[in-house]
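Structure file final20.csv; described as CSV, C-alpha atoms and all ligand atoms.
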```
chain,number,residue,atom,x,y,z
A,1,MET,CA,-14.4,-14.0,-12.5
A,2,ASN,CA,-11.9,-11.3,-13.2
A,3,PRO,CA,-8.6,-13.2,-13.4
A,4,LEU,CA,-6.7,-10.2,-12.0
A,5,LEU,CA,-8.4,-10.8,-8.6
A,6,ALA,CA,-6.1,-13.8,-8.2
A,7,LYS,CA,-3.1,-11.5,-8.2
A,8,LEU,CA,-4.2,-9.7,-5.0
A,9,GLN,CA,-2.0,-10.4,-1.9
A,10,PRO,CA,-3.4,-11.2,1.5
A,11,TYR,CA,-3.8,-8.0,3.6
A,12,PRO,CA,-1.0,-7.6,6.3
A,13,PHE,CA,-3.6,-8.1,9.1
A,14,GLU,CA,-4.7,-11.4,7.5
A,15,ARG,CA,-1.1,-12.5,7.6
A,16,LEU,CA,-0.8,-11.3,11.2
A,17,ARG,CA,-3.8,-13.4,12.2
A,18,GLN,CA,-2.2,-16.4,10.6
A,19,LEU,CA,1.1,-15.7,12.4
A,20,PHE,CA,-0.6,-15.5,15.8
A,21,ALA,CA,-2.9,-18.5,15.2
A,22,GLY,CA,-2.7,-21.0,18.0
A,23,VAL,CA,-0.6,-18.6,20.2
A,24,GLN,CA,-2.0,-18.1,23.7
A,25,PRO,CA,-0.6,-14.8,25.0
A,26,ASP,CA,0.4,-14.7,28.7
A,27,PRO,CA,-2.9,-13.9,30.5
A,28,ALA,CA,-0.9,-12.0,33.1
A,29,HIS,CA,-0.9,-9.1,30.6
A,30,THR,CA,-3.9,-7.2,29.2
A,31,PRO,CA,-3.9,-7.1,25.4
A,32,ILE,CA,-2.5,-4.0,23.8
A,33,SER,CA,-2.5,-3.5,20.1
A,34,LEU,CA,-0.1,-1.3,18.2
A,35,GLY,CA,-1.0,-3.2,15.1
A,36,ILE,CA,-3.8,-1.4,13.2
A,37,GLY,CA,-3.2,2.2,12.2
A,38,GLU,CA,-6.7,3.3,13.1
A,39,PRO,CA,-7.1,6.6,14.9
A,40,ARG,CA,-8.5,6.2,18.4
A,41,HIS,CA,-8.6,9.7,19.8
A,42,PRO,CA,-12.3,10.8,20.3
A,43,THR,CA,-14.2,12.4,17.5
A,44,PRO,CA,-14.9,16.1,18.2
A,45,PRO,CA,-18.5,16.6,19.2
A,46,PHE,CA,-19.1,19.5,16.7
A,47,ILE,CA,-18.4,17.1,13.8
A,48,LYS,CA,-21.0,14.6,15.1
A,49,ASP,CA,-23.5,17.5,15.6
A,50,ALA,CA,-22.9,18.7,12.0
A,51,LEU,CA,-23.5,15.1,10.8
A,52,VAL,CA,-26.8,15.0,12.7
A,53,GLU,CA,-27.9,18.4,11.4
A,54,GLY,CA,-27.1,17.2,7.9
A,55,LEU,CA,-29.4,14.2,8.0
A,56,GLY,CA,-32.1,16.0,6.0
A,57,ALA,CA,-29.9,15.5,3.0
A,58,LEU,CA,-30.6,11.8,3.1
A,59,ALA,CA,-33.8,12.5,1.2
A,60,ILE,CA,-31.9,13.4,-2.0
A,61,TYR,CA,-29.2,11.8,-4.2
A,62,PRO,CA,-25.9,13.6,-3.7
A,63,ALA,CA,-24.0,14.8,-6.8
A,64,THR,CA,-20.7,13.0,-7.4
A,65,ALA,CA,-18.9,16.3,-7.8
A,66,GLY,CA,-20.2,17.5,-4.4
A,67,ASP,CA,-21.9,20.9,-4.1
A,68,LEU,CA,-20.0,24.1,-4.3
A,69,LYS,CA,-20.0,24.7,-0.5
A,70,LEU,CA,-18.3,21.4,0.0
A,71,ARG,CA,-15.7,22.1,-2.7
A,72,GLN,CA,-15.1,25.5,-1.3
A,73,ALA,CA,-14.4,23.9,2.1
A,74,PHE,CA,-11.6,21.9,0.4
A,75,THR,CA,-10.1,24.9,-1.4
A,76,GLY,CA,-10.4,27.1,1.7
A,77,TRP,CA,-8.4,24.6,3.7
A,78,LEU,CA,-5.8,24.3,0.9
A,79,LYS,CA,-5.4,28.0,0.9
A,80,ARG,CA,-5.1,28.3,4.7
A,81,ARG,CA,-2.8,25.2,5.0
A,82,TYR,CA,-0.6,25.6,1.9
A,83,ALA,CA,-1.3,29.2,0.6
A,84,LEU,CA,-2.6,27.6,-2.6
A,85,GLU,CA,-5.1,28.9,-5.1
A,86,VAL,CA,-7.2,26.0,-6.2
A,87,ASP,CA,-10.3,26.3,-8.4
A,88,PRO,CA,-13.3,24.7,-6.6
A,89,ALA,CA,-15.1,24.2,-9.9
A,90,THR,CA,-12.5,22.2,-11.7
A,91,GLN,CA,-9.6,21.1,-9.5
A,92,VAL,CA,-11.2,19.3,-6.5
A,93,LEU,CA,-13.5,16.3,-5.9
A,94,PRO,CA,-15.0,14.8,-2.7
A,95,VAL,CA,-14.1,11.1,-2.0
A,96,ASN,CA,-15.3,8.6,0.5
A,97,GLY,CA,-12.0,8.3,2.3
A,98,SER,CA,-8.7,8.4,0.5
A,99,ARG,CA,-8.5,4.6,0.3
A,100,GLU,CA,-11.3,4.2,-2.3
A,101,ALA,CA,-9.8,7.2,-4.2
A,102,LEU,CA,-6.3,5.8,-4.3
A,103,PHE,CA,-7.8,2.7,-5.8
A,104,ALA,CA,-10.2,4.4,-8.2
A,105,LEU,CA,-7.6,6.8,-9.5
A,106,ALA,CA,-5.5,3.9,-10.9
A,107,GLN,CA,-8.6,2.6,-12.7
A,108,THR,CA,-9.0,6.0,-14.2
A,109,VAL,CA,-5.5,6.8,-15.4
A,110,VAL,CA,-3.9,3.5,-16.3
A,111,ASP,CA,-4.2,2.5,-20.0
A,112,ALA,CA,-3.7,-1.2,-20.0
A,113,THR,CA,-4.1,-1.3,-23.8
A,114,ARG,CA,-0.9,0.7,-24.4
A,115,SER,CA,2.3,-0.9,-25.5
A,116,PRO,CA,4.7,-1.4,-23.8
A,117,SER,CA,2.5,-2.6,-21.0
A,118,PRO,CA,1.9,-0.2,-18.1
A,119,VAL,CA,3.8,-0.1,-14.8
A,120,VAL,CA,2.7,1.5,-11.6
A,121,ILE,CA,5.5,2.4,-9.1
A,122,SER,CA,4.9,2.1,-5.4
A,123,PRO,CA,7.2,3.0,-2.6
A,124,ASN,CA,8.4,0.0,-0.6
A,125,PRO,CA,7.3,-0.5,2.2
A,126,PHE,CA,3.9,0.9,1.3
A,127,TYR,CA,0.1,1.1,1.9
A,128,GLN,CA,-1.2,-2.1,0.3
A,129,ILE,CA,-4.0,-0.4,-1.6
A,130,TYR,CA,-1.5,0.9,-4.2
A,131,GLU,CA,-0.6,-2.6,-5.2
A,132,GLY,CA,-4.2,-3.9,-5.5
A,133,ALA,CA,-5.2,-0.8,-7.5
A,134,ALA,CA,-2.3,-1.3,-9.9
A,135,LEU,CA,-2.9,-5.0,-10.4
A,136,LEU,CA,-6.7,-4.6,-10.9
A,137,ALA,CA,-6.0,-1.8,-13.4
A,138,GLY,CA,-4.0,-4.4,-15.4
A,139,ALA,CA,-0.6,-2.8,-14.7
A,140,ASP,CA,2.6,-4.4,-13.5
A,141,THR,CA,4.0,-3.1,-10.2
A,142,TRP,CA,7.5,-1.8,-9.4
A,143,TYR,CA,8.6,-1.3,-5.8
A,144,ALA,CA,11.1,1.5,-5.1
A,145,PRO,CA,12.8,1.0,-1.8
A,146,SER,CA,12.9,3.6,1.0
A,147,ASP,CA,16.5,4.2,2.2
A,148,PRO,CA,17.0,4.2,5.9
A,149,ALA,CA,20.3,6.1,5.4
A,150,ARG,CA,18.4,9.0,3.9
A,151,ASN,CA,15.5,9.3,6.4
A,152,PHE,CA,13.7,6.6,4.5
A,153,ALA,CA,13.5,8.7,1.3
A,154,VAL,CA,12.3,6.6,-1.6
A,155,ASP,CA,15.2,5.7,-3.9
A,156,TRP,CA,13.8,6.9,-7.2
A,157,ASP,CA,17.3,6.5,-8.8
A,158,SER,CA,17.0,2.7,-8.3
A,159,VAL,CA,14.2,2.5,-10.9
A,160,PRO,CA,15.7,1.3,-14.2
A,161,ALA,CA,15.2,3.5,-17.3
A,162,GLU,CA,13.1,0.8,-19.1
A,163,VAL,CA,10.7,0.8,-16.1
A,164,TRP,CA,10.3,4.6,-16.1
A,165,ALA,CA,9.6,4.3,-19.9
A,166,ARG,CA,6.6,2.1,-19.1
A,167,THR,CA,5.4,3.9,-16.0
A,168,GLN,CA,1.9,5.4,-16.1
A,169,LEU,CA,1.3,6.1,-12.4
A,170,VAL,CA,3.6,6.7,-9.3
A,171,TYR,CA,2.2,6.6,-5.8
A,172,VAL,CA,3.9,8.9,-3.3
A,173,CYS,CA,3.1,8.6,0.4
A,174,SER,CA,4.2,11.7,2.3
A,175,PRO,CA,4.2,11.6,5.3
A,176,GLY,CA,4.9,8.0,4.8
A,177,ASN,CA,3.1,5.0,6.2
A,178,PRO,CA,5.0,3.2,7.8
A,179,THR,CA,8.2,5.4,7.8
A,180,GLY,CA,6.7,8.7,8.8
A,181,ALA,CA,9.1,10.4,6.3
A,182,VAL,CA,8.2,13.6,4.6
A,183,MET,CA,9.4,14.0,1.0
A,184,PRO,CA,11.5,17.1,0.6
A,185,LEU,CA,11.2,19.7,-2.2
A,186,ALA,CA,14.3,18.4,-4.1
A,187,GLU,CA,12.8,14.9,-4.3
A,188,TRP,CA,9.6,16.4,-5.7
A,189,GLU,CA,11.6,18.3,-8.3
A,190,LYS,CA,13.2,15.1,-9.4
A,191,LEU,CA,9.9,13.3,-9.6
A,192,PHE,CA,8.3,16.1,-11.6
A,193,ALA,CA,11.1,16.1,-14.1
A,194,LEU,CA,10.7,12.3,-14.5
A,195,SER,CA,6.9,12.8,-14.9
A,196,ASP,CA,7.5,15.4,-17.6
A,197,ARG,CA,9.9,13.1,-19.4
A,198,HIS,CA,7.7,9.9,-19.2
A,199,GLY,CA,4.2,11.3,-18.9
A,200,PHE,CA,3.1,9.5,-15.8
A,201,VAL,CA,0.6,10.7,-13.2
A,202,ILE,CA,1.7,11.2,-9.6
A,203,ALA,CA,-0.8,10.2,-6.9
A,204,SER,CA,0.3,11.9,-3.7
A,205,ASP,CA,-1.2,10.2,-0.6
A,206,GLU,CA,-1.1,12.8,2.2
A,207,CYS,CA,-3.5,11.5,4.8
A,208,TYR,CA,-1.0,12.0,7.7
A,209,SER,CA,-0.2,15.6,6.8
A,210,GLU,CA,-1.6,17.1,10.0
A,211,ILE,CA,0.2,14.8,12.5
A,212,TYR,CA,3.7,16.0,12.7
A,213,PHE,CA,6.6,16.5,15.1
A,214,ARG,CA,8.8,19.2,13.5
A,215,ASP,CA,8.1,22.9,13.7
A,216,GLU,CA,7.4,23.1,10.0
A,217,PRO,CA,4.3,21.4,8.7
A,218,PRO,CA,4.9,18.7,6.1
A,219,LEU,CA,5.3,19.9,2.5
A,220,GLY,CA,2.3,18.9,0.3
A,221,GLY,CA,2.6,17.7,-3.2
A,222,LEU,CA,0.5,20.6,-4.6
A,223,GLU,CA,2.5,23.0,-2.5
A,224,ALA,CA,5.8,21.6,-3.9
A,225,ALA,CA,4.4,21.9,-7.4
A,226,ALA,CA,3.4,25.6,-6.8
A,227,LYS,CA,6.8,26.4,-5.4
A,228,LEU,CA,8.4,24.9,-8.5
A,229,GLY,CA,6.3,27.0,-10.8
A,230,ARG,CA,3.8,24.2,-11.7
A,231,GLY,CA,0.6,26.0,-10.6
A,232,ASP,CA,-1.5,24.0,-13.1
A,233,PHE,CA,-0.5,20.9,-11.1
A,234,ARG,CA,0.0,19.0,-14.4
A,235,ASN,CA,-0.1,15.2,-13.9
A,236,LEU,CA,-0.4,15.6,-10.2
A,237,ILE,CA,-3.3,14.6,-7.9
A,238,ALA,CA,-3.1,15.0,-4.1
A,239,LEU,CA,-5.3,12.9,-1.9
A,240,THR,CA,-6.2,13.8,1.6
A,241,SER,CA,-8.6,12.7,4.3
A,242,LEU,CA,-10.4,13.6,7.5
A,243,SER,CA,-9.8,10.2,9.1
A,244,LYS,CA,-6.6,11.0,10.9
A,245,ARG,CA,-6.8,14.8,10.9
A,246,SER,CA,-10.2,14.9,12.6
A,247,ASN,CA,-10.4,11.4,14.2
A,248,VAL,CA,-13.3,10.3,12.0
A,249,PRO,CA,-12.2,7.1,10.2
A,250,GLY,CA,-15.8,5.9,10.1
A,251,LEU,CA,-17.1,9.1,8.4
A,252,ARG,CA,-15.3,8.0,5.1
A,253,SER,CA,-14.5,11.5,4.0
A,254,GLY,CA,-11.6,13.0,2.0
A,255,PHE,CA,-10.9,14.9,-1.2
A,256,VAL,CA,-8.6,14.9,-4.1
A,257,ALA,CA,-7.1,18.0,-5.7
A,258,GLY,CA,-4.9,18.8,-8.7
A,259,ASP,CA,-4.7,18.6,-12.4
A,260,ALA,CA,-8.1,19.7,-13.8
A,261,ALA,CA,-7.8,17.4,-16.8
A,262,ILE,CA,-7.4,14.3,-14.5
A,263,VAL,CA,-10.1,15.6,-12.1
A,264,ARG,CA,-12.5,15.8,-15.1
A,265,GLN,CA,-11.9,12.2,-16.1
A,266,PHE,CA,-11.9,11.0,-12.5
A,267,LEU,CA,-15.4,12.6,-12.1
A,268,LEU,CA,-16.5,10.7,-15.1
A,269,TYR,CA,-15.2,7.4,-13.7
A,270,ARG,CA,-16.7,8.1,-10.3
A,271,THR,CA,-20.1,8.9,-11.7
A,272,TYR,CA,-20.3,5.4,-13.2
A,273,HIS,CA,-18.7,3.8,-10.1
A,274,GLY,CA,-21.3,5.4,-7.9
A,275,SER,CA,-19.1,7.1,-5.3
A,276,ALA,CA,-20.9,10.3,-4.4
A,277,MET,CA,-20.5,11.5,-0.9
A,278,SER,CA,-23.7,11.5,1.2
A,279,GLY,CA,-25.0,15.0,2.0
A,280,ALA,CA,-24.9,14.3,5.7
A,281,VAL,CA,-21.2,13.3,5.5
A,282,ALA,CA,-20.6,16.4,3.4
A,283,ALA,CA,-22.2,18.6,6.2
A,284,ALA,CA,-19.9,17.0,8.8
A,285,SER,CA,-16.9,17.4,6.4
A,286,ILE,CA,-17.5,21.1,5.8
A,287,ALA,CA,-17.6,21.6,9.6
A,288,ALA,CA,-14.4,19.6,10.1
A,289,TRP,CA,-12.3,21.2,7.3
A,290,GLY,CA,-13.4,24.6,8.6
A,291,ASP,CA,-11.9,24.2,12.0
A,292,GLU,CA,-8.3,23.9,13.0
A,293,SER,CA,-8.4,24.1,16.8
A,294,HIS,CA,-9.3,20.4,17.1
A,295,VAL,CA,-6.5,19.5,14.7
A,296,VAL,CA,-3.9,21.4,16.8
A,297,ASP,CA,-5.3,19.7,19.9
A,298,ASN,CA,-5.1,16.3,18.2
A,299,ARG,CA,-1.5,16.9,17.1
A,300,MET,CA,-0.5,17.9,20.7
A,301,GLN,CA,-1.9,14.6,22.0
A,302,TYR,CA,0.3,12.7,19.5
A,303,ARG,CA,3.3,14.9,20.3
A,304,THR,CA,3.0,14.2,24.0
A,305,LYS,CA,2.6,10.5,23.4
A,306,PHE,CA,5.6,10.3,21.1
A,307,ALA,CA,7.7,12.4,23.4
A,308,VAL,CA,7.2,9.8,26.2
A,309,VAL,CA,7.3,6.6,24.1
A,310,THR,CA,10.0,7.2,21.6
A,311,PRO,CA,12.9,7.7,24.1
A,312,MET,CA,11.9,4.5,25.9
A,313,LEU,CA,12.0,2.4,22.7
A,314,GLU,CA,15.2,4.2,21.5
A,315,ALA,CA,17.0,2.4,24.3
A,316,VAL,CA,16.4,-1.1,22.8
A,317,LEU,CA,15.3,-0.6,19.2
A,318,ASP,CA,16.7,1.2,16.1
A,319,VAL,CA,14.1,4.0,16.1
A,320,ARG,CA,13.7,7.7,16.3
A,321,LEU,CA,11.0,10.3,16.2
A,322,PRO,CA,9.7,10.4,12.6
A,323,ASP,CA,8.9,13.6,10.7
A,324,ALA,CA,5.2,12.9,10.9
A,325,SER,CA,2.4,10.2,11.0
A,326,PHE,CA,1.4,8.2,14.1
A,327,TYR,CA,3.8,5.3,13.5
A,328,LEU,CA,7.2,4.2,14.8
A,329,TRP,CA,9.1,2.2,12.2
A,330,ALA,CA,11.7,0.4,14.3
A,331,GLY,CA,14.6,-1.9,13.6
A,332,ILE,CA,14.7,-5.0,15.8
A,333,PRO,CA,18.0,-6.0,17.5
A,334,PRO,CA,20.5,-7.7,15.2
A,335,GLY,CA,20.4,-10.9,17.3
A,336,TRP,CA,17.0,-11.6,15.7
A,337,ASN,CA,18.7,-11.9,12.2
A,338,GLY,CA,16.0,-9.8,10.6
A,339,ASP,CA,13.2,-12.1,11.6
A,340,ASP,CA,10.5,-9.5,12.3
A,341,ALA,CA,7.7,-12.0,12.2
A,342,ALA,CA,9.4,-14.2,14.9
A,343,PHE,CA,10.0,-11.1,17.0
A,344,ALA,CA,6.3,-10.0,16.7
A,345,ARG,CA,5.0,-13.5,17.6
A,346,ALA,CA,7.2,-13.9,20.6
A,347,LEU,CA,6.3,-10.4,21.9
A,348,TYR,CA,2.7,-11.2,21.5
A,349,ALA,CA,3.0,-14.6,23.2
A,350,GLN,CA,5.0,-13.3,26.2
A,351,TYR,CA,3.7,-9.7,26.7
A,352,ASN,CA,0.3,-9.6,24.8
A,353,VAL,CA,1.5,-6.7,22.7
A,354,THR,CA,0.7,-6.7,19.0
A,355,VAL,CA,3.0,-5.0,16.5
A,356,LEU,CA,3.1,-5.5,12.7
A,357,PRO,CA,6.1,-7.3,11.2
A,358,GLY,CA,7.7,-4.8,8.8
A,359,SER,CA,8.2,-7.4,6.1
A,360,TYR,CA,4.4,-7.7,5.8
A,361,LEU,CA,4.3,-4.1,4.7
A,362,ALA,CA,6.9,-4.4,1.9
A,363,ARG,CA,7.7,-6.7,-1.0
A,364,GLU,CA,10.8,-8.5,-1.9
A,365,SER,CA,12.2,-6.6,-4.8
A,366,GLN,CA,15.7,-6.7,-6.4
A,367,GLY,CA,16.7,-9.3,-3.8
A,368,ALA,CA,15.6,-7.5,-0.7
A,369,ASN,CA,12.5,-6.8,1.5
A,370,PRO,CA,13.1,-3.4,2.9
A,371,GLY,CA,10.6,-4.1,5.7
A,372,ARG,CA,12.7,-7.1,6.9
A,373,GLY,CA,14.1,-6.7,10.4
A,374,ARG,CA,11.6,-3.9,11.2
A,375,ILE,CA,8.3,-3.6,13.0
A,376,ARG,CA,5.6,-1.0,12.8
A,377,MET,CA,4.0,0.4,15.9
A,378,ALA,CA,0.9,2.5,15.6
A,379,LEU,CA,0.7,4.8,18.6
A,380,VAL,CA,-3.1,5.3,18.4
A,381,ALA,CA,-4.2,4.3,21.9
A,382,ASP,CA,-3.9,6.8,24.7
A,383,THR,CA,-0.6,7.8,26.3
A,384,PRO,CA,-0.8,5.5,29.4
A,385,GLU,CA,-1.6,2.4,27.2
A,386,CYS,CA,1.1,3.2,24.7
A,387,THR,CA,3.6,3.8,27.5
A,388,GLU,CA,2.7,0.4,29.1
A,389,ALA,CA,3.2,-1.2,25.6
A,390,ALA,CA,6.6,0.5,25.3
A,391,ARG,CA,7.5,-0.7,28.9
A,392,ARG,CA,6.7,-4.3,27.9
A,393,ILE,CA,8.6,-4.0,24.6
A,394,VAL,CA,11.7,-2.7,26.5
A,395,ASP,CA,11.4,-5.6,28.9
A,396,PHE,CA,10.9,-8.2,26.2
A,397,THR,CA,13.8,-6.9,24.1
A,398,ARG,CA,16.2,-6.7,27.0
A,399,ARG,CA,15.3,-10.4,27.9
A,400,HIS,CA,15.5,-11.4,24.3
A,401,PRO,CA,18.2,-9.5,22.4
A,402,GLY,CA,18.1,-12.4,19.9
A,403,ALA,CA,15.8,-15.1,18.7
A,501,LIG,C1,-1.0,5.7,3.8
A,501,LIG,C2,-2.5,5.6,3.9
A,501,LIG,N1,-3.2,6.1,2.9
A,501,LIG,C3,-4.6,6.1,2.9
A,501,LIG,C4,-5.2,5.6,4.0
A,501,LIG,C5,-6.7,5.5,3.9
A,501,LIG,O1,-7.4,6.3,4.8
A,501,LIG,P1,-8.9,6.8,4.6
A,501,LIG,O2,-9.5,5.9,3.6
A,501,LIG,O3,-9.5,6.6,6.0
A,501,LIG,O4,-8.8,8.2,4.2
A,501,LIG,C6,-4.5,5.0,5.0
A,501,LIG,C7,-5.3,4.4,6.2
A,501,LIG,O5,-4.8,3.8,7.0
A,501,LIG,C8,-3.1,5.1,5.0
A,501,LIG,O6,-2.4,4.6,6.0
```
How does this structure look as structure tokens?
Ligand SMILES: Cc1ncc(COP(=O)(O)O)c(C=O)c1O
Amino acid sequence: MNPLLAKLQPYPFERLRQLFAGVQPDPAHTPISLGIGEPRHPTPPFIKDALVEGLGALAIYPATAGDLKLRQAFTGWLKRRYALEVDPATQVLPVNGSREALFALAQTVVDATRSPSPVVISPNPFYQIYEGAALLAGADTWYAPSDPARNFAVDWDSVPAEVWARTQLVYVCSPGNPTGAVMPLAEWEKLFALSDRHGFVIASDECYSEIYFRDEPPLGGLEAAAKLGRGDFRNLIALTSLSKRSNVPGLRSGFVAGDAAIVRQFLLYRTYHGSAMSGAVAAASIAAWGDESHVVDNRMQYRTKFAVVTPMLEAVLDVRLPDASFYLWAGIPPGWNGDDAAFARALYAQYNVTVLPGSYLARESQGANPGRGRIRMALVADTPECTEAARRIVDFTRRHPGA
């Protein structure tokens, strides 16, 4: 067996199952889960139709690079969304959801034979795939904490110089899961300067980019690069996905875009890994990337939901409307002494509402777990269900201001 497999951590939902084992929730309440961040708004019918119409493609092996029409669907969207000129021949690739690509990218760019040994930097809290990708690529991990005092911006300054010197890959998640924070241009400028100095690749995970609550759409990594005169996107790969934008998490469809030299090597890796996108999925994806009206409608549904639920929870938790994403990242009352797992378990037992303990989404690093004392709530169910969950959380928190 690959000994690196033993380094993988249990997934947060596995830990949640263990936390809730043996707990019998009060049967007076129907179960409501705000735990898993899986979109639940309906899939637009035109995407399903395009998938069915594409079924003829099942008779042939798809190309790993995707055909030109698919790649032009990506670059067309990048142009409309970010006013970017991206070459469909050399700067984009289809991926089967951003998750596999986030993982595979680390296997492509990390050189574990290099001395000093490689480091992959992840935000903290973070999407756990970054960690597994780094560990299986043979790298060490470094967790850079997000700072609640600066809208959960990642504290890049906290990374020691000797860690930067070993860094080969940095994951950025903007809009962030779980914080919902969008990384501003000045932070990108700082990170690009560090990348130029140390030579690391930036993987910009942007799968929540279309679910936002401010007037201005979230800044993309490639957009930031272009604004800063880095039109070749050197050492930068952005990863995006239809899962949340178009409510098709089961389609497994996304794309990567950026530095042509990395894209070329990534294509080589993917050819051997066998991760070509099915032609039927490609047909549905072309339809989805080409339409914005369903995206606007989807965003409106989230805006309505967050406008109702956030003020209710603000009364009892340390929470506010995020920049983007479909999560609320809330501090529990101080009386719980930071024990987010105990809060989640008691809430589940008494009100049958599932939330994810924040400490499960972060790692202890430099003496602190930045998820401690927080919970993540995924507002993916419909507005009445999320409102009912919020009502119960308010009740619970008022009755239990402390453990
Ligand atoms: C931050 C983040 N990145 C990537 C993904 C993967 O999404 P997909 O593989 O469906 O594109 C998720 C899914 O929950 C996520 O939260």
Kindly provide, as JSON, numbers by chain, all nucleotide and amino acid residues lying within 9 Å of ligand LIG 501 (chain A), counting only C-alpha atoms and all ligand atoms. {"A": [36, 37, 38, 39, 95, 96, 97, 98, 99, 100, 101, 102, 126, 127, 128, 129, 130, 173, 174, 175, 176, 177, 178, 205, 206, 207, 208, 239, 240, 241, 242, 243, 244, 248, 249, 250, 251, 252, 253, 254, 255, 325]}
What separation in Å, quoted to one decimal, exists between atom CA of A:Gly66 and atom CA of A:Ala89? 10.1 Å
Which polymer residues have any atom within 10 Å of an atom of A:Ala28, counting all atoms listed in the file, with same-chain residues fewer than 3 positions away left out, as a list in words? Pro25, Pro31, Gln350, Tyr351 and Asn352 of chain A
Prev. selection, C-alpha atoms, output as a compact mmCIF listing (two decimals), in the frame of the given file:
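Below is the file selection-v6.txt, written as the result:
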```txt
# COMPACT_ATOMS: atom_id res chain seq x y z
CA PRO A 25 -0.60 -14.80 25.00
CA PRO A 31 -3.90 -7.10 25.40
CA GLN A 350 5.00 -13.30 26.20
CA TYR A 351 3.70 -9.70 26.70
CA ASN A 352 0.30 -9.60 24.80
```
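Straight-line separation from atom CA of A:Ala378 to atom CA of A:Ser246: 16.9 Å.
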Could you tell me, as a list in words, which residues have any atom at most 10 Å from (16.2, -14.9, 19.4), counting all atoms listed in the file? Pro333, Pro334, Gly335, Trp336, Asn337, Asp339, Ala342, Phe343, Ala346, Thr397, Arg399, His400, Pro401, Gly402 and Ala403 of chain A
